[in-house]
$ cat upload12.cif   # mmCIF, C-alpha atoms and all ligand atoms
data_entry
#
loop_
_atom_site.label_atom_id
_atom_site.label_comp_id
_atom_site.auth_asym_id
_atom_site.auth_seq_id
_atom_site.Cartn_x
_atom_site.Cartn_y
_atom_site.Cartn_z
CA VAL A 1 10.76 -30.05 -0.96
CA PRO A 2 14.41 -31.23 -1.10
CA MET A 3 13.64 -34.63 0.43
CA HIS A 4 11.59 -35.46 -2.67
CA LEU A 5 14.32 -34.48 -5.11
CA PRO A 6 15.92 -37.92 -5.63
CA TRP A 7 12.50 -39.37 -6.49
CA ILE A 8 11.63 -36.47 -8.77
CA ASP A 9 14.96 -36.77 -10.63
CA ALA A 10 14.60 -40.55 -10.92
CA ILE A 11 11.04 -40.27 -12.26
CA ASN A 12 11.94 -37.60 -14.78
CA ALA A 13 14.90 -39.65 -16.05
CA LEU A 14 12.81 -42.82 -16.37
CA LYS A 15 9.97 -40.87 -17.96
CA GLN A 16 12.31 -39.64 -20.67
CA GLN A 17 13.75 -43.09 -21.22
CA ARG A 18 10.23 -44.50 -21.64
CA GLY A 19 9.01 -41.62 -23.80
CA ALA A 20 6.10 -41.22 -21.40
CA VAL A 21 3.87 -38.25 -20.69
CA ILE A 22 2.76 -37.71 -17.09
CA MET A 23 -0.60 -36.03 -16.58
CA ALA A 24 -1.62 -34.78 -13.14
CA HIS A 25 -4.93 -33.49 -11.82
CA SER A 26 -5.02 -30.23 -9.81
CA TYR A 27 -5.63 -32.27 -6.63
CA GLN A 28 -2.30 -34.05 -6.82
CA SER A 29 0.32 -33.11 -4.24
CA PRO A 30 2.73 -30.28 -5.18
CA GLU A 31 5.76 -32.55 -5.63
CA ILE A 32 3.81 -34.45 -8.30
CA PHE A 33 2.03 -31.42 -9.79
CA HIS A 34 5.16 -29.24 -10.00
CA GLY A 35 7.87 -31.90 -9.88
CA VAL A 36 7.04 -34.57 -12.47
CA ALA A 37 3.87 -33.68 -14.42
CA ASP A 38 4.14 -32.68 -18.10
CA ILE A 39 0.47 -31.77 -18.30
CA THR A 40 -1.73 -30.53 -15.45
CA GLY A 41 -5.38 -29.63 -15.41
CA ASP A 42 -8.93 -30.29 -14.37
CA SER A 43 -10.68 -33.47 -15.42
CA LEU A 44 -11.80 -31.91 -18.72
CA GLY A 45 -8.31 -30.59 -19.48
CA LEU A 46 -6.76 -34.01 -18.89
CA ALA A 47 -9.37 -35.72 -21.11
CA GLN A 48 -8.63 -33.23 -23.91
CA ALA A 49 -4.89 -33.68 -23.46
CA ALA A 50 -5.20 -37.47 -23.71
CA ALA A 51 -7.22 -37.12 -26.92
CA ASP A 52 -4.47 -34.91 -28.41
CA CYS A 53 -1.45 -36.77 -27.00
CA ASP A 54 1.38 -37.97 -29.28
CA ALA A 55 3.19 -40.16 -26.72
CA GLU A 56 2.61 -43.92 -26.75
CA LEU A 57 2.69 -44.09 -22.95
CA ILE A 58 0.53 -41.94 -20.67
CA VAL A 59 0.71 -42.03 -16.87
CA VAL A 60 -2.36 -40.54 -15.22
CA CYS A 61 -1.76 -39.16 -11.73
CA GLY A 62 -5.33 -38.84 -10.60
CA VAL A 63 -8.20 -41.20 -9.87
CA HIS A 64 -9.38 -44.24 -11.80
CA PHE A 65 -12.14 -42.57 -13.82
CA MET A 66 -9.60 -40.05 -15.16
CA ALA A 67 -7.28 -42.82 -16.33
CA GLU A 68 -10.28 -44.57 -17.93
CA SER A 69 -11.27 -41.38 -19.78
CA ALA A 70 -7.70 -41.04 -21.06
CA LYS A 71 -7.71 -44.66 -22.29
CA ILE A 72 -11.14 -44.26 -23.93
CA LEU A 73 -9.97 -41.16 -25.83
CA ALA A 74 -6.54 -42.61 -26.66
CA PRO A 75 -7.44 -46.29 -27.19
CA GLY A 76 -4.23 -47.13 -29.07
CA LYS A 77 -1.99 -45.82 -26.28
CA THR A 78 -0.85 -47.52 -23.11
CA VAL A 79 -2.47 -45.68 -20.19
CA LEU A 80 -1.12 -46.42 -16.71
CA ILE A 81 -2.33 -45.46 -13.25
CA PRO A 82 0.09 -45.81 -10.31
CA ASP A 83 -2.60 -47.22 -7.97
CA LEU A 84 -5.72 -48.99 -9.26
CA GLU A 85 -7.47 -48.41 -5.93
CA ALA A 86 -7.59 -44.63 -6.41
CA GLY A 87 -11.38 -44.41 -6.71
CA CYS A 88 -14.02 -41.75 -6.23
CA SER A 89 -17.19 -41.69 -4.11
CA LEU A 90 -19.14 -40.17 -7.01
CA ALA A 91 -18.01 -42.82 -9.50
CA SER A 92 -18.90 -45.60 -7.06
CA SER A 93 -22.35 -44.12 -6.30
CA ILE A 94 -23.91 -45.43 -9.52
CA THR A 95 -23.72 -48.49 -11.81
CA ALA A 96 -24.61 -49.07 -15.45
CA ALA A 97 -27.69 -51.03 -14.23
CA ASP A 98 -28.82 -47.94 -12.27
CA VAL A 99 -28.59 -45.85 -15.45
CA LEU A 100 -30.70 -48.39 -17.37
CA ALA A 101 -33.30 -48.33 -14.56
CA LEU A 102 -33.43 -44.51 -14.71
CA ARG A 103 -33.90 -44.67 -18.49
CA ALA A 104 -36.79 -47.13 -18.03
CA GLN A 105 -38.37 -44.76 -15.48
CA HIS A 106 -37.98 -41.73 -17.79
CA PRO A 107 -38.42 -43.04 -21.33
CA GLY A 108 -36.85 -40.88 -24.04
CA VAL A 109 -35.08 -38.56 -21.57
CA PRO A 110 -31.36 -38.26 -22.43
CA VAL A 111 -28.65 -38.99 -19.87
CA VAL A 112 -25.87 -36.49 -19.10
CA SER A 113 -23.20 -38.09 -16.90
CA TYR A 114 -20.50 -36.29 -14.98
CA ALA A 115 -16.95 -37.32 -15.89
CA ASN A 116 -16.70 -38.76 -12.37
CA THR A 117 -18.27 -42.08 -13.45
CA SER A 118 -17.01 -45.50 -14.57
CA ALA A 119 -16.50 -46.37 -18.24
CA ALA A 120 -19.55 -48.69 -17.96
CA VAL A 121 -21.76 -45.79 -16.81
CA LYS A 122 -20.37 -43.52 -19.54
CA ALA A 123 -21.23 -46.23 -22.09
CA GLU A 124 -24.91 -46.01 -21.03
CA SER A 125 -24.90 -42.19 -21.24
CA ASP A 126 -25.69 -39.89 -24.15
CA VAL A 127 -23.06 -37.30 -23.30
CA ILE A 128 -20.49 -36.60 -20.58
CA CYS A 129 -19.87 -33.28 -18.82
CA THR A 130 -17.47 -31.92 -16.23
CA SER A 131 -17.95 -29.11 -13.74
CA ALA A 132 -16.36 -26.83 -16.36
CA ASN A 133 -19.03 -27.33 -19.03
CA ALA A 134 -22.11 -28.90 -17.37
CA VAL A 135 -24.57 -26.10 -18.24
CA GLN A 136 -23.43 -25.92 -21.89
CA VAL A 137 -23.62 -29.71 -22.25
CA VAL A 138 -27.13 -29.91 -20.74
CA GLU A 139 -28.34 -27.10 -23.02
CA SER A 140 -26.62 -28.54 -26.11
CA LEU A 141 -29.21 -31.32 -26.21
CA GLY A 142 -32.06 -28.88 -26.93
CA VAL A 143 -34.59 -30.82 -24.83
CA PRO A 144 -36.77 -29.72 -21.87
CA LYS A 145 -35.70 -32.55 -19.52
CA VAL A 146 -32.43 -34.39 -18.85
CA ILE A 147 -31.28 -37.13 -16.47
CA PHE A 148 -28.18 -35.65 -14.78
CA LEU A 149 -25.96 -37.92 -12.73
CA PRO A 150 -24.50 -38.81 -10.33
CA ASP A 151 -23.63 -35.63 -8.33
CA GLU A 152 -26.69 -34.26 -6.57
CA PHE A 153 -25.01 -30.99 -5.52
CA LEU A 154 -23.49 -30.25 -8.93
CA GLY A 155 -26.92 -31.12 -10.37
CA ARG A 156 -28.65 -28.61 -8.09
CA HIS A 157 -26.07 -25.96 -9.00
CA VAL A 158 -26.59 -26.60 -12.74
CA ALA A 159 -30.39 -26.62 -12.29
CA GLY A 160 -30.11 -23.07 -10.90
CA GLN A 161 -28.53 -21.88 -14.15
CA THR A 162 -30.77 -23.43 -16.79
CA LYS A 163 -34.44 -23.82 -17.65
CA VAL A 164 -33.88 -27.50 -18.50
CA GLU A 165 -35.52 -29.75 -15.89
CA LEU A 166 -33.00 -32.15 -14.32
CA VAL A 167 -33.71 -35.61 -12.90
CA LEU A 168 -30.99 -36.06 -10.24
CA TRP A 169 -29.18 -38.96 -8.56
CA HIS A 170 -27.95 -39.01 -4.96
CA GLY A 171 -24.15 -39.21 -5.48
CA ARG A 172 -21.87 -37.04 -3.34
CA CYS A 173 -18.19 -36.20 -3.36
CA GLU A 174 -16.98 -37.36 0.05
CA VAL A 175 -14.47 -34.49 0.16
CA HIS A 176 -16.66 -31.54 -0.87
CA GLU A 177 -19.84 -32.61 0.94
CA LYS A 178 -18.01 -32.05 4.26
CA PHE A 179 -17.69 -28.27 3.86
CA THR A 180 -20.19 -26.17 5.81
CA ALA A 181 -21.61 -22.69 5.31
CA GLN A 182 -20.33 -21.80 8.77
CA GLN A 183 -16.73 -22.63 7.75
CA ALA A 184 -17.15 -20.47 4.66
CA ARG A 185 -18.55 -17.52 6.63
CA HIS A 186 -15.79 -17.89 9.21
CA ALA A 187 -13.10 -17.65 6.51
CA ARG A 188 -14.71 -14.52 5.09
CA GLU A 189 -15.42 -12.75 8.38
CA GLN A 190 -12.28 -13.73 10.29
CA PHE A 191 -9.78 -13.23 7.46
CA ASP A 192 -11.62 -10.93 5.08
CA ALA A 193 -11.08 -13.61 2.44
CA LYS A 194 -12.77 -14.09 -0.92
CA LEU A 195 -14.45 -17.48 -1.21
CA VAL A 196 -13.95 -19.75 -4.20
CA ALA A 197 -15.81 -23.07 -4.18
CA HIS A 198 -16.08 -26.20 -6.29
CA PRO A 199 -19.67 -26.99 -7.40
CA GLU A 200 -19.50 -30.41 -5.69
CA CYS A 201 -20.00 -28.51 -2.37
CA PRO A 202 -23.43 -28.38 -0.68
CA PRO A 203 -25.79 -25.62 -1.95
CA GLU A 204 -25.59 -23.59 1.28
CA VAL A 205 -21.78 -23.42 0.86
CA LEU A 206 -22.06 -22.37 -2.80
CA ALA A 207 -24.51 -19.64 -1.74
CA GLU A 208 -21.71 -18.04 0.31
CA ALA A 209 -19.09 -18.18 -2.48
CA ASP A 210 -17.79 -15.25 -4.54
CA PHE A 211 -17.00 -17.67 -7.36
CA VAL A 212 -18.05 -21.25 -8.15
CA GLY A 213 -16.18 -23.24 -10.78
CA SER A 214 -14.07 -26.20 -11.84
CA THR A 215 -10.50 -26.46 -10.62
CA THR A 216 -9.17 -24.77 -13.76
CA ALA A 217 -11.84 -22.06 -13.65
CA MET A 218 -10.84 -21.30 -10.04
CA GLY A 219 -7.23 -20.71 -11.13
CA LYS A 220 -8.38 -18.40 -13.93
CA TRP A 221 -10.55 -16.46 -11.49
CA LEU A 222 -7.53 -15.90 -9.22
CA GLU A 223 -5.55 -14.65 -12.21
CA ARG A 224 -8.29 -12.13 -13.02
CA GLU A 225 -9.15 -10.96 -9.50
CA LYS A 226 -5.79 -11.33 -7.70
CA PRO A 227 -7.44 -11.19 -4.24
CA ALA A 228 -5.28 -10.39 -1.19
CA ARG A 229 -6.78 -13.37 0.68
CA VAL A 230 -8.77 -16.31 -0.61
CA ALA A 231 -10.27 -19.47 0.85
CA MET A 232 -10.34 -22.27 -1.72
CA ILE A 233 -13.29 -24.39 -0.65
CA THR A 234 -12.08 -27.54 -2.34
CA GLU A 235 -9.46 -30.25 -2.01
CA CYS A 236 -6.36 -28.99 -0.08
CA SER A 237 -3.76 -29.69 -2.74
CA MET A 238 -5.40 -27.19 -5.06
CA ALA A 239 -4.37 -24.25 -2.82
CA ASP A 240 -0.94 -25.80 -2.25
CA ASN A 241 -0.37 -25.98 -6.01
CA LEU A 242 -1.64 -22.45 -6.70
CA ARG A 243 0.33 -20.82 -3.88
CA VAL A 244 3.45 -20.97 -6.07
CA GLN A 245 1.68 -19.29 -8.97
CA PHE A 246 0.12 -16.50 -6.87
CA PRO A 247 2.79 -15.38 -4.38
CA THR A 248 0.94 -12.17 -3.45
CA THR A 249 -2.27 -13.99 -2.46
CA GLN A 250 -2.70 -15.44 1.00
CA PHE A 251 -4.47 -18.79 0.98
CA ILE A 252 -6.72 -19.47 3.98
CA LYS A 253 -7.74 -22.98 4.94
CA PRO A 254 -10.49 -24.65 5.23
CA CYS A 255 -9.68 -27.60 3.12
CA ASN A 256 -10.15 -31.36 3.01
CA LEU A 257 -7.90 -33.96 1.41
CA CYS A 258 -9.18 -36.57 -1.04
CA PRO A 259 -7.95 -39.96 0.21
CA HIS A 260 -8.17 -41.37 -3.33
CA MET A 261 -6.03 -38.65 -4.90
CA GLN A 262 -3.53 -39.10 -2.06
CA ARG A 263 -2.96 -42.74 -3.04
CA ILE A 264 -0.77 -41.51 -5.87
CA THR A 265 2.79 -40.92 -4.61
CA LEU A 266 6.24 -40.31 -6.08
CA GLN A 267 7.14 -43.86 -5.05
CA ASN A 268 4.28 -45.52 -6.91
CA ILE A 269 4.72 -43.25 -9.95
CA TYR A 270 8.31 -44.48 -10.15
CA ALA A 271 7.21 -48.12 -9.80
CA CYS A 272 4.51 -47.53 -12.43
CA LEU A 273 7.08 -46.35 -14.98
CA ARG A 274 9.58 -49.05 -14.04
CA ASP A 275 7.12 -51.99 -14.17
CA LEU A 276 4.68 -50.51 -16.71
CA GLN A 277 1.81 -51.06 -14.27
CA HIS A 278 -1.13 -50.69 -13.91
CA ALA A 279 -2.48 -50.62 -17.45
CA ILE A 280 -6.12 -49.57 -17.94
CA GLU A 281 -8.07 -52.05 -20.07
CA ILE A 282 -11.68 -51.50 -21.08
CA PRO A 283 -13.84 -53.95 -23.08
CA ALA A 284 -14.01 -52.76 -26.72
CA ASP A 285 -17.82 -52.35 -26.87
CA VAL A 286 -17.96 -50.39 -23.60
CA SER A 287 -15.03 -48.25 -24.73
CA ALA A 288 -16.62 -47.45 -28.11
CA ARG A 289 -19.92 -46.33 -26.57
CA ALA A 290 -18.21 -44.36 -23.79
CA ARG A 291 -15.98 -42.70 -26.42
CA ALA A 292 -19.02 -41.51 -28.37
CA ALA A 293 -20.42 -39.89 -25.18
CA LEU A 294 -17.07 -38.27 -24.35
CA GLN A 295 -16.59 -37.01 -27.90
CA ARG A 296 -20.03 -35.39 -27.79
CA MET A 297 -18.80 -33.49 -24.74
CA LEU A 298 -15.54 -32.44 -26.41
CA ALA A 299 -17.55 -31.13 -29.38
CA VAL A 300 -19.47 -28.82 -26.99
CA GLY A 301 -16.22 -27.54 -25.47
CA ARG A 302 -15.54 -25.65 -22.28
P1 LIG A 401 -12.69 -30.94 -11.94
O1 LIG A 401 -13.60 -31.39 -13.05
O2 LIG A 401 -12.86 -29.54 -11.56
O3 LIG A 401 -11.30 -31.33 -12.26
O4 LIG A 401 -13.11 -31.72 -10.62
C1 LIG A 401 -13.35 -33.07 -10.64
C2 LIG A 401 -13.01 -33.63 -9.34
O5 LIG A 401 -13.59 -33.45 -8.34
C3 LIG A 401 -11.87 -34.45 -9.35
O6 LIG A 401 -11.73 -35.00 -8.14
FE1 LIG A 402 -14.03 -38.08 -6.26
FE2 LIG A 402 -14.34 -36.05 -4.61
FE3 LIG A 402 -12.03 -37.30 -4.65
FE4 LIG A 402 -12.76 -35.79 -6.71
S1 LIG A 402 -12.33 -35.09 -4.66
S2 LIG A 402 -11.89 -37.84 -6.79
S3 LIG A 402 -14.96 -36.10 -6.74
S4 LIG A 402 -14.00 -38.20 -4.04
#
$ encode --input "upload12.cif" --output "structure tokens" --more "lines below"
Ligand code: 13P
Ligand code: SF4
Amino acid sequence: VPMHLPWIDAINALKQQRGAVIMAHSYQSPEIFHGVADITGDSLGLAQAAADCDAELIVVCGVHFMAESAKILAPGKTVLIPDLEAGCSLASSITAADVLALRAQHPGVPVVSYANTSAAVKAESDVICTSANAVQVVESLGVPKVIFLPDEFLGRHVAGQTKVELVLWHGRCEVHEKFTAQQARHAREQFDAKLVAHPECPPEVLAEADFVGSTTAMGKWLEREKPARVAMITECSMADNLRVQFPTTQFIKPCNLCPHMQRITLQNIYACLRDLQHAIEIPADVSARARAALQRMLAVGR
């Protein structure tokens, strides 16, 4: 990627000057993931890294809820996101008022919210989970019934692995909901590929998969299995980033790009460090309650 080199060099120089740490989600483009990030990971990994971070300045290359989680767990630090419009269809599928209405409908039933939610929704939740720890988090509550939101497909996947009854919401990831079982079968039959899928995919797609897991879990599975050919049924950049790490594995499309993740570019990362924009600010009461829910998740672990 030589055409990106001047930007990468400029960002890394400015980053050092600012004493900043750049965190990038697995769905960021390879020039960001491999070129400028100090820490990479899934949404849980980035949340943990923010909680443990020594730097005063954190740049989150990912979507808004990830930057919010970093700020909630590192409230004394400056947390920047290069584009405030980098959203998420799951996070925008539910509001804090919706959570209160669900609580009124199901009195006494605890709320487990996926990390892909706003700080305001997290503040109304008992505990947060990610795709890496959803089953453990649900079971950690020791109750027969849980409100699980907002991802309907992740919820159905979790429900299949636990005896706890789940009340679900109708949120969808606009990237993963597009995959079809036919695409998955085609990749397997045409290319003799193993299928690895993110749990935000529809149930009929997950039924075809050899492995279902979070973005980090998918990477670990590849390390263990070292398949000759694999179709990563998830956001495209994931396979692009892993290709470098697994040179003997052939990566087969299908894939879809997340338009929100793609809003983050080398150009706006540079501007973010230069202008110290855009800082994440969360009202103190919302932040404190959301932090309690996130810390309950971190105590459960991966
Ligand atoms: P992970 O929790 O696997 O990182 O996935 C969350 C997601 O979909 C981010 O877009
Ligand atoms: Fe949200 Fe889906 Fe994009 Fe992840 S891939 S940020 S879940 S819309």
$ closest_residue --input "upload12.cif" --among "A:Ile252, A:Ala239, A:Tyr114, A:Gly160" --to "Val137 of chain A" --atoms "all atoms listed in the file"
A:Tyr114
$ atom_distance --input "upload12.cif" --atom1 "atom CA of Thr234 of chain A" --atom2 "atom CA of His198 of chain A"
5.8 Å
$ residues_near_ligand --input "upload12.cif" --ligand "ligand LIG 402 (chain A)" --cutoff "8 Å" --atoms "all atoms listed in the file" --output "list in words"
Tyr27, Gly62, Val63, Gly87, Cys88, Ser89, Leu90, Ala91, Asn116, Arg172, Cys173, Glu174, Val175, His176, Glu200, Thr234, Glu235, Leu257, Cys258, Pro259, His260 and Met261 of chain A
$ residues_near_ligand --input "upload12.cif" --ligand "ligand LIG 401 (chain A)" --cutoff "6 Å" --atoms "all atoms listed in the file" --output "list in words"
Asp42, Ser43, Leu44, Thr130, Ser131, Ser214 and Thr215 of chain A
$ axis_aligned_box --input "upload12.cif" --around "segment 270-273 of chain A" --padding-each-side "6 Å" --output "JSON"
{"center_x": 6.4, "center_y": -46.3, "center_z": -12.4, "size_x": 15.8, "size_y": 15.6, "size_z": 17.2}
$ atom_distance --input "upload12.cif" --atom1 "atom CA of Ile8 of chain A" --atom2 "atom CA of Asn256 of chain A"
25.3 Å
$ residues_around --input "upload12.cif" --residues "Pro82 of chain A" --least-positions-apart "3" --cutoff "12 Å" --atoms "only C-alpha atoms" --output "PDB file with C-alpha atoms, in the frame of the given file"
ATOM      1  CA  ILE A  22       2.760 -37.710 -17.090  1.00  0.00           C
ATOM      2  CA  MET A  23      -0.600 -36.030 -16.580  1.00  0.00           C
ATOM      3  CA  ALA A  24      -1.620 -34.780 -13.140  1.00  0.00           C
ATOM      4  CA  ILE A  58       0.530 -41.940 -20.670  1.00  0.00           C
ATOM      5  CA  VAL A  59       0.710 -42.030 -16.870  1.00  0.00           C
ATOM      6  CA  VAL A  60      -2.360 -40.540 -15.220  1.00  0.00           C
ATOM      7  CA  CYS A  61      -1.760 -39.160 -11.730  1.00  0.00           C
ATOM      8  CA  GLY A  62      -5.330 -38.840 -10.600  1.00  0.00           C
ATOM      9  CA  VAL A  63      -8.200 -41.200  -9.870  1.00  0.00           C
ATOM     10  CA  HIS A  64      -9.380 -44.240 -11.800  1.00  0.00           C
ATOM     11  CA  ALA A  67      -7.280 -42.820 -16.330  1.00  0.00           C
ATOM     12  CA  VAL A  79      -2.470 -45.680 -20.190  1.00  0.00           C
ATOM     13  CA  GLU A  85      -7.470 -48.410  -5.930  1.00  0.00           C
ATOM     14  CA  ALA A  86      -7.590 -44.630  -6.410  1.00  0.00           C
ATOM     15  CA  HIS A 260      -8.170 -41.370  -3.330  1.00  0.00           C
ATOM     16  CA  MET A 261      -6.030 -38.650  -4.900  1.00  0.00           C
ATOM     17  CA  GLN A 262      -3.530 -39.100  -2.060  1.00  0.00           C
ATOM     18  CA  ARG A 263      -2.960 -42.740  -3.040  1.00  0.00           C
ATOM     19  CA  ILE A 264      -0.770 -41.510  -5.870  1.00  0.00           C
ATOM     20  CA  THR A 265       2.790 -40.920  -4.610  1.00  0.00           C
ATOM     21  CA  LEU A 266       6.240 -40.310  -6.080  1.00  0.00           C
ATOM     22  CA  GLN A 267       7.140 -43.860  -5.050  1.00  0.00           C
ATOM     23  CA  ASN A 268       4.280 -45.520  -6.910  1.00  0.00           C
ATOM     24  CA  ILE A 269       4.720 -43.250  -9.950  1.00  0.00           C
ATOM     25  CA  TYR A 270       8.310 -44.480 -10.150  1.00  0.00           C
ATOM     26  CA  ALA A 271       7.210 -48.120  -9.800  1.00  0.00           C
ATOM     27  CA  CYS A 272       4.510 -47.530 -12.430  1.00  0.00           C
ATOM     28  CA  LEU A 273       7.080 -46.350 -14.980  1.00  0.00           C
ATOM     29  CA  ARG A 274       9.580 -49.050 -14.040  1.00  0.00           C
ATOM     30  CA  ASP A 275       7.120 -51.990 -14.170  1.00  0.00           C
ATOM     31  CA  LEU A 276       4.680 -50.510 -16.710  1.00  0.00           C
ATOM     32  CA  GLN A 277       1.810 -51.060 -14.270  1.00  0.00           C
ATOM     33  CA  HIS A 278      -1.130 -50.690 -13.910  1.00  0.00           C
ATOM     34  CA  ALA A 279      -2.480 -50.620 -17.450  1.00  0.00           C
ATOM     35  CA  ILE A 280      -6.120 -49.570 -17.940  1.00  0.00           C
TER      36      ILE A 280
END
$ residues_around --input "upload12.cif" --residues "Ala96 of chain A" --least-positions-apart "4" --cutoff "12 Å" --atoms "all atoms listed in the file" --output "MDAnalysis selection string"
chainID A and resid 91:92 100:103 111 113 117:125 149:150 286 290
$ closest_residue --input "upload12.cif" --among "A:Gln105, A:Gln250, A:Asn133, A:Gln48" --to "Gly213 of chain A" --atoms "only C-alpha atoms"
A:Asn133
$ closest_residue --input "upload12.cif" --among "A:Thr78, A:Leu154, A:Val109, A:Glu56" --to "Gly142 of chain A" --atoms "all atoms listed in the file"
A:Val109
$ atom_distance --input "upload12.cif" --atom1 "atom CA of His25 of chain A" --atom2 "atom CA of Lys77 of chain A"
19.2 Å
$ residues_around --input "upload12.cif" --residues "Ile128 of chain A" --least-positions-apart "5" --cutoff "6 Å" --atoms "all atoms listed in the file" --output "list in words"
Val112, Ser113, Tyr114, Ala115, Ala293, Leu294 and Met297 of chain A
$ closest_atom_pairs --input "upload12.cif" --of "segment 252-283 of chain A" --to "segment 181-196 of chain A" --cutoff "10 Å" --atoms "all atoms listed in the file" --output "tab-separated table"
residue	atom	partner	partner_atom	distance
A:Ile252	CA	A:Ala187	CA	7.1
A:Lys253	CA	A:Ala187	CA	7.7
A:Pro254	CA	A:Gln183	CA	7.0
A:Cys255	CA	A:Gln183	CA	9.8
$ closest_residue --input "upload12.cif" --among "A:Ala104, A:Cys53, A:Met218, A:Leu242" --to "Gly76 of chain A" --atoms "only C-alpha atoms"
A:Cys53
